[in-house]
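Participant: Okay, so here is query-v5.tsv, and as you'll see once you scroll down, it has TSV, C-alpha atoms.
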```
chain	number	residue	atom	x	y	z
C	4	MET	CA	-18.44	9.83	8.97
C	5	GLN	CA	-14.68	9.73	8.82
C	6	LYS	CA	-12.42	12.36	7.27
C	7	ILE	CA	-10.41	11.56	4.15
C	8	PRO	CA	-6.66	11.75	4.94
C	9	ASP	CA	-5.08	14.94	3.59
C	10	ASP	CA	-2.50	13.18	1.41
C	11	ILE	CA	-5.18	10.98	-0.20
C	12	ILE	CA	-7.60	13.84	-0.84
C	13	ALA	CA	-4.80	15.92	-2.38
C	14	ARG	CA	-3.89	13.08	-4.75
C	15	PHE	CA	-7.56	12.37	-5.47
C	16	GLU	CA	-8.21	16.03	-6.32
C	17	ALA	CA	-5.20	16.07	-8.65
C	18	VAL	CA	-6.49	12.97	-10.47
C	19	ILE	CA	-10.05	14.22	-10.84
C	20	MET	CA	-8.75	17.57	-12.10
C	21	LYS	CA	-7.13	15.67	-14.98
C	22	LYS	CA	-9.78	13.04	-15.64
C	23	VAL	CA	-13.19	14.45	-14.69
C	24	LYS	CA	-14.93	17.16	-16.67
C	25	PRO	CA	-16.79	19.39	-15.91
C	26	VAL	CA	-15.29	20.72	-12.70
C	27	SER	CA	-18.77	20.92	-11.18
C	28	ARG	CA	-18.69	17.10	-10.76
C	29	HIS	CA	-15.60	17.13	-8.57
C	30	ALA	CA	-17.59	17.64	-5.36
C	31	ASP	CA	-19.71	14.61	-6.25
C	32	TYR	CA	-16.61	12.47	-6.77
C	33	LYS	CA	-15.26	13.50	-3.36
C	34	LYS	CA	-18.67	12.73	-1.86
C	35	TRP	CA	-18.62	9.21	-3.36
C	36	LEU	CA	-15.14	8.61	-1.98
C	37	LEU	CA	-16.25	9.77	1.45
C	38	TYR	CA	-19.35	7.53	1.30
C	39	TYR	CA	-17.22	4.58	0.19
C	40	LEU	CA	-14.73	5.03	3.04
C	41	ASP	CA	-17.65	5.18	5.47
C	42	PHE	CA	-19.18	2.07	3.84
C	43	LYS	CA	-15.82	0.27	4.07
C	44	SER	CA	-15.49	1.08	7.77
C	45	LYS	CA	-18.97	-0.30	8.53
C	46	TYR	CA	-18.89	-3.55	6.55
C	47	ARG	CA	-16.46	-6.41	6.32
C	48	LEU	CA	-15.40	-6.53	2.67
C	49	PRO	CA	-13.47	-9.14	0.68
C	50	ASP	CA	-9.94	-8.41	-0.56
C	51	SER	CA	-10.99	-7.88	-4.18
C	52	LYS	CA	-11.34	-4.21	-5.13
C	53	SER	CA	-13.85	-5.12	-7.84
C	54	GLU	CA	-16.00	-6.73	-5.13
C	55	HIS	CA	-15.74	-3.51	-3.10
C	56	VAL	CA	-17.12	-1.60	-6.08
C	57	ARG	CA	-19.89	-4.14	-6.72
C	58	LEU	CA	-21.02	-4.19	-3.09
C	59	PHE	CA	-20.85	-0.40	-2.80
C	60	VAL	CA	-22.92	0.04	-5.96
C	61	GLU	CA	-25.46	-2.48	-4.62
C	62	LYS	CA	-25.72	-0.38	-1.47
C	63	LEU	CA	-26.28	2.73	-3.60
C	64	GLN	CA	-29.08	0.87	-5.43
C	65	GLU	CA	-30.69	0.09	-2.06
C	66	LYS	CA	-30.45	3.80	-1.24
C	67	ASN	CA	-32.31	4.61	-4.51
C	68	GLN	CA	-29.37	6.30	-6.24
C	69	THR	CA	-29.82	6.63	-10.00
C	70	PRO	CA	-27.84	4.47	-12.45
C	71	ALA	CA	-25.89	7.59	-13.47
C	72	GLN	CA	-24.95	8.23	-9.83
C	73	GLN	CA	-23.94	4.58	-9.41
C	74	LYS	CA	-21.73	4.80	-12.49
C	75	GLN	CA	-20.16	8.03	-11.25
C	76	ALA	CA	-19.49	6.45	-7.83
C	77	ALA	CA	-17.87	3.41	-9.47
C	78	HIS	CA	-15.65	5.73	-11.53
C	79	ALA	CA	-14.69	7.67	-8.38
C	80	LEU	CA	-13.66	4.40	-6.72
C	81	SER	CA	-11.62	3.34	-9.74
C	82	LEU	CA	-9.69	6.63	-9.53
C	83	TYR	CA	-9.20	6.11	-5.80
C	84	PHE	CA	-7.88	2.58	-6.32
C	85	GLU	CA	-5.52	3.93	-8.99
C	86	ILE	CA	-4.08	6.30	-6.40
C	87	LEU	CA	-3.66	3.46	-3.90
C	88	ARG	CA	-1.81	1.38	-6.52
C	89	GLN	CA	0.56	4.27	-7.18
C	90	VAL	CA	1.25	4.68	-3.46
C	91	ASP	CA	1.81	0.92	-3.07
C	92	ASN	CA	4.15	0.85	-6.08
C	93	LYS	CA	6.20	3.72	-4.69
C	94	SER	CA	6.52	2.09	-1.27
C	95	SER	CA	7.36	-1.27	-2.87
C	96	SER	CA	10.04	0.40	-4.99
C	97	ALA	CA	11.51	2.05	-1.92
C	98	GLN	CA	11.57	-1.29	-0.09
C	99	ILE	CA	13.18	-3.05	-3.08
C	100	ASN	CA	15.84	-0.32	-3.33
C	101	THR	CA	16.62	-0.69	0.38
C	102	GLU	CA	16.91	-4.46	0.00
C	103	LYS	CA	19.20	-4.06	-3.02
C	104	ARG	CA	21.46	-1.69	-1.07
C	105	LEU	CA	21.67	-4.14	1.82
C	106	LYS	CA	22.51	-7.04	-0.51
C	107	THR	CA	25.45	-5.14	-1.98
C	108	ILE	CA	27.11	-4.90	1.42
C	109	SER	CA	29.83	-7.51	1.78
C	110	PRO	CA	32.55	-8.05	4.38
C	111	SER	CA	35.21	-7.10	1.83
C	112	THR	CA	33.71	-3.63	1.36
C	113	ALA	CA	33.06	-3.04	5.05
C	114	ASN	CA	35.33	-1.45	7.64
C	115	VAL	CA	36.45	-3.96	10.27
C	116	SER	CA	36.19	-2.78	13.86
C	117	LYS	CA	38.42	-3.88	16.76
C	118	ALA	CA	35.70	-6.23	18.03
C	119	GLY	CA	35.92	-8.22	14.81
C	120	SER	CA	32.54	-7.21	13.43
C	121	SER	CA	32.24	-5.27	10.20
C	122	ALA	CA	30.48	-1.93	10.08
C	123	THR	CA	29.46	-0.43	6.76
C	124	SER	CA	29.13	3.25	5.97
C	125	SER	CA	25.33	2.84	6.23
C	126	GLY	CA	25.65	1.65	9.83
C	127	VAL	CA	24.80	-2.01	9.11
C	128	PHE	CA	26.91	-4.48	11.06
C	129	ILE	CA	28.11	-7.74	9.58
C	130	LEU	CA	29.23	-10.18	12.24
C	131	PRO	CA	31.87	-12.78	11.37
C	132	LEU	CA	31.47	-16.52	11.73
C	133	SER	CA	32.92	-18.08	14.81
C	134	SER	CA	35.93	-20.16	13.86
C	135	GLY	CA	34.90	-23.68	12.81
C	136	SER	CA	31.19	-22.98	13.36
C	137	HIS	CA	28.29	-22.96	10.94
C	138	TYR	CA	26.68	-20.23	13.03
C	139	ASN	CA	27.46	-16.53	13.13
C	140	ALA	CA	27.58	-14.35	16.25
C	141	TRP	CA	23.77	-14.01	16.15
C	142	ARG	CA	23.48	-17.81	16.40
C	143	CYS	CA	22.08	-18.00	12.89
C	144	LEU	CA	23.21	-20.49	10.29
C	145	ALA	CA	25.70	-19.00	7.88
C	146	LYS	CA	24.56	-18.27	4.34
C	147	SER	CA	24.92	-21.26	2.09
C	148	GLY	CA	24.03	-22.06	-1.49
C	149	SER	CA	20.63	-23.27	-0.31
C	150	PRO	CA	17.67	-20.92	-0.77
C	151	LEU	CA	16.43	-21.94	2.69
C	152	ARG	CA	18.01	-20.16	5.67
C	153	LEU	CA	17.38	-21.11	9.24
C	154	CYS	CA	17.85	-18.97	12.30
C	155	ILE	CA	18.07	-20.57	15.73
C	156	GLY	CA	16.80	-18.43	18.59
C	157	ALA	CA	19.14	-17.67	21.47
```
Can you present the structure in this file as structure tokens?

Facilitator:
Amino acid sequence: MQKIPDDIIARFEAVIMKKVKPVSRHADYKKWLLYYLDFKSKYRLPDSKSEHVRLFVEKLQEKNQTPAQQKQAAHALSLYFEILRQVDNKSSSAQINTEKRLKTISPSTANVSKAGSSATSSGVFILPLSSGSHYNAWRCLAKSGSPLRLCIGA
């Protein structure tokens, strides 16, 4: 059986502290999460989280777990998936913020080096177009009004 990653178990414990009463059930919730992660590692599951829950509960039925235990396991998984959504949202937000910062960089705000390329304060280089060419120094088509951009390999 695999170990639950420390960051996930810490978040999971924080969530069950808020949402699961009495405290005596917390060990059971951690057990269901551990069983689910083991189940997930053994079986090929579809992308749908609701299907994960359904298949896991079916497996618990096969193992003669009571309906109350099945319900508790399903709730534990819903809390786990909530944590995963929060982690995904935070990483998506960080990626979006990085992309926004990169989009705000323009040649007019960059420092021009002797080689003719532009270096921003964040260390991103903006290479100029060759004179009369539709390609930049990286042999990529220059940005146009078209939403489609092509890059030709060297």

Participant: Padding 5 Å on each side, edges along x, y and z: where is the centre of the box around the listed atoms of range 32-47 of chain C, and how long are its edges in Å to one decimal? Output it as JSON.

Facilitator:
```
{"center_x": -17.0, "center_y": 3.5, "center_z": 0.9, "size_x": 14.6, "size_y": 29.9, "size_z": 25.3}
```

Participant: Pick out the closest residue to Lys52 in chain C from this set: C:Tyr39, C:Phe84, C:Tyr32, C:Phe15. Count all atoms listed in the file.

Facilitator: C:Phe84

Participant: Could you state the separation of CA of Gln75 in chain C and CA of Asp91 in chain C in Å, given to one decimal place?

Facilitator: 24.5 Å

Participant: Give me, please, the distance in Å between CA of Leu80 in chain C and CA of Asp50 in chain C, quoted to one decimal.

Facilitator: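 Between CA of Leu80 in chain C and CA of Asp50 in chain C the gap is 14.7 Å.
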
Participant: Please, what distance in Å, to one decimal, runs between CA of Ile86 in chain C and CA of Ile11 in chain C?

Facilitator: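 Interatomic distance here is 7.8 Å.
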
Participant: Between C:Arg47, C:His55, C:Lys62, C:Arg14, which one has atoms that come closest to Leu87 in chain C, using all atoms listed in the file?

Facilitator: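 Among the listed residues, the smallest separation from Leu87 in chain C belongs to C:Arg14.
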
Participant: Between C:Leu82, C:Leu63, C:Ala76, C:Leu58, which one has atoms that come closest to Trp35 in chain C, using all atoms listed in the file?

Facilitator: C:Ala76

Participant: Of the candidates C:Val18, C:Leu48, C:Ala13, C:Val60, which shows the shortest atom-to-atom distance to Gln72 in chain C, using all atoms listed in the file?

Facilitator: C:Val60

Participant: Choose the residue, out of C:Thr69, C:Ala30, C:Lys93, C:Phe59, that has the smallest atom-to-atom separation from Lys43 in chain C; count only C-alpha atoms.

Facilitator: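 Checking each of C:Thr69, C:Ala30, C:Lys93, C:Phe59 against Lys43 in chain C, counting only C-alpha atoms, the winner is C:Phe59.
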
Participant: From the set C:Lys6, C:Arg57, C:Arg88, C:Lys66, which residue has the shortest atom-to-atom contact distance to Lys34 in chain C, counting all atoms listed in the file?

Facilitator: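 When distances to Lys34 in chain C are compared using all atoms listed in the file, the smallest one comes from C:Lys6.
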
Participant: Tell me which protein, DNA and RNA residues are within 8 Å of His29 in chain C, counting all atoms listed in the file, leaving out same-chain ones fewer than 5 positions away, and put them as a PDB file with C-alpha atoms, in the frame of the given file.

Facilitator:
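Saved file out_0.pdb follows:
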```pdb
ATOM      1  CA  GLU C  16      -8.210  16.030  -6.320  1.00  0.00           C
ATOM      2  CA  ILE C  19     -10.050  14.220 -10.840  1.00  0.00           C
ATOM      3  CA  MET C  20      -8.750  17.570 -12.100  1.00  0.00           C
ATOM      4  CA  VAL C  23     -13.190  14.450 -14.690  1.00  0.00           C
TER       5      VAL C  23
END
```
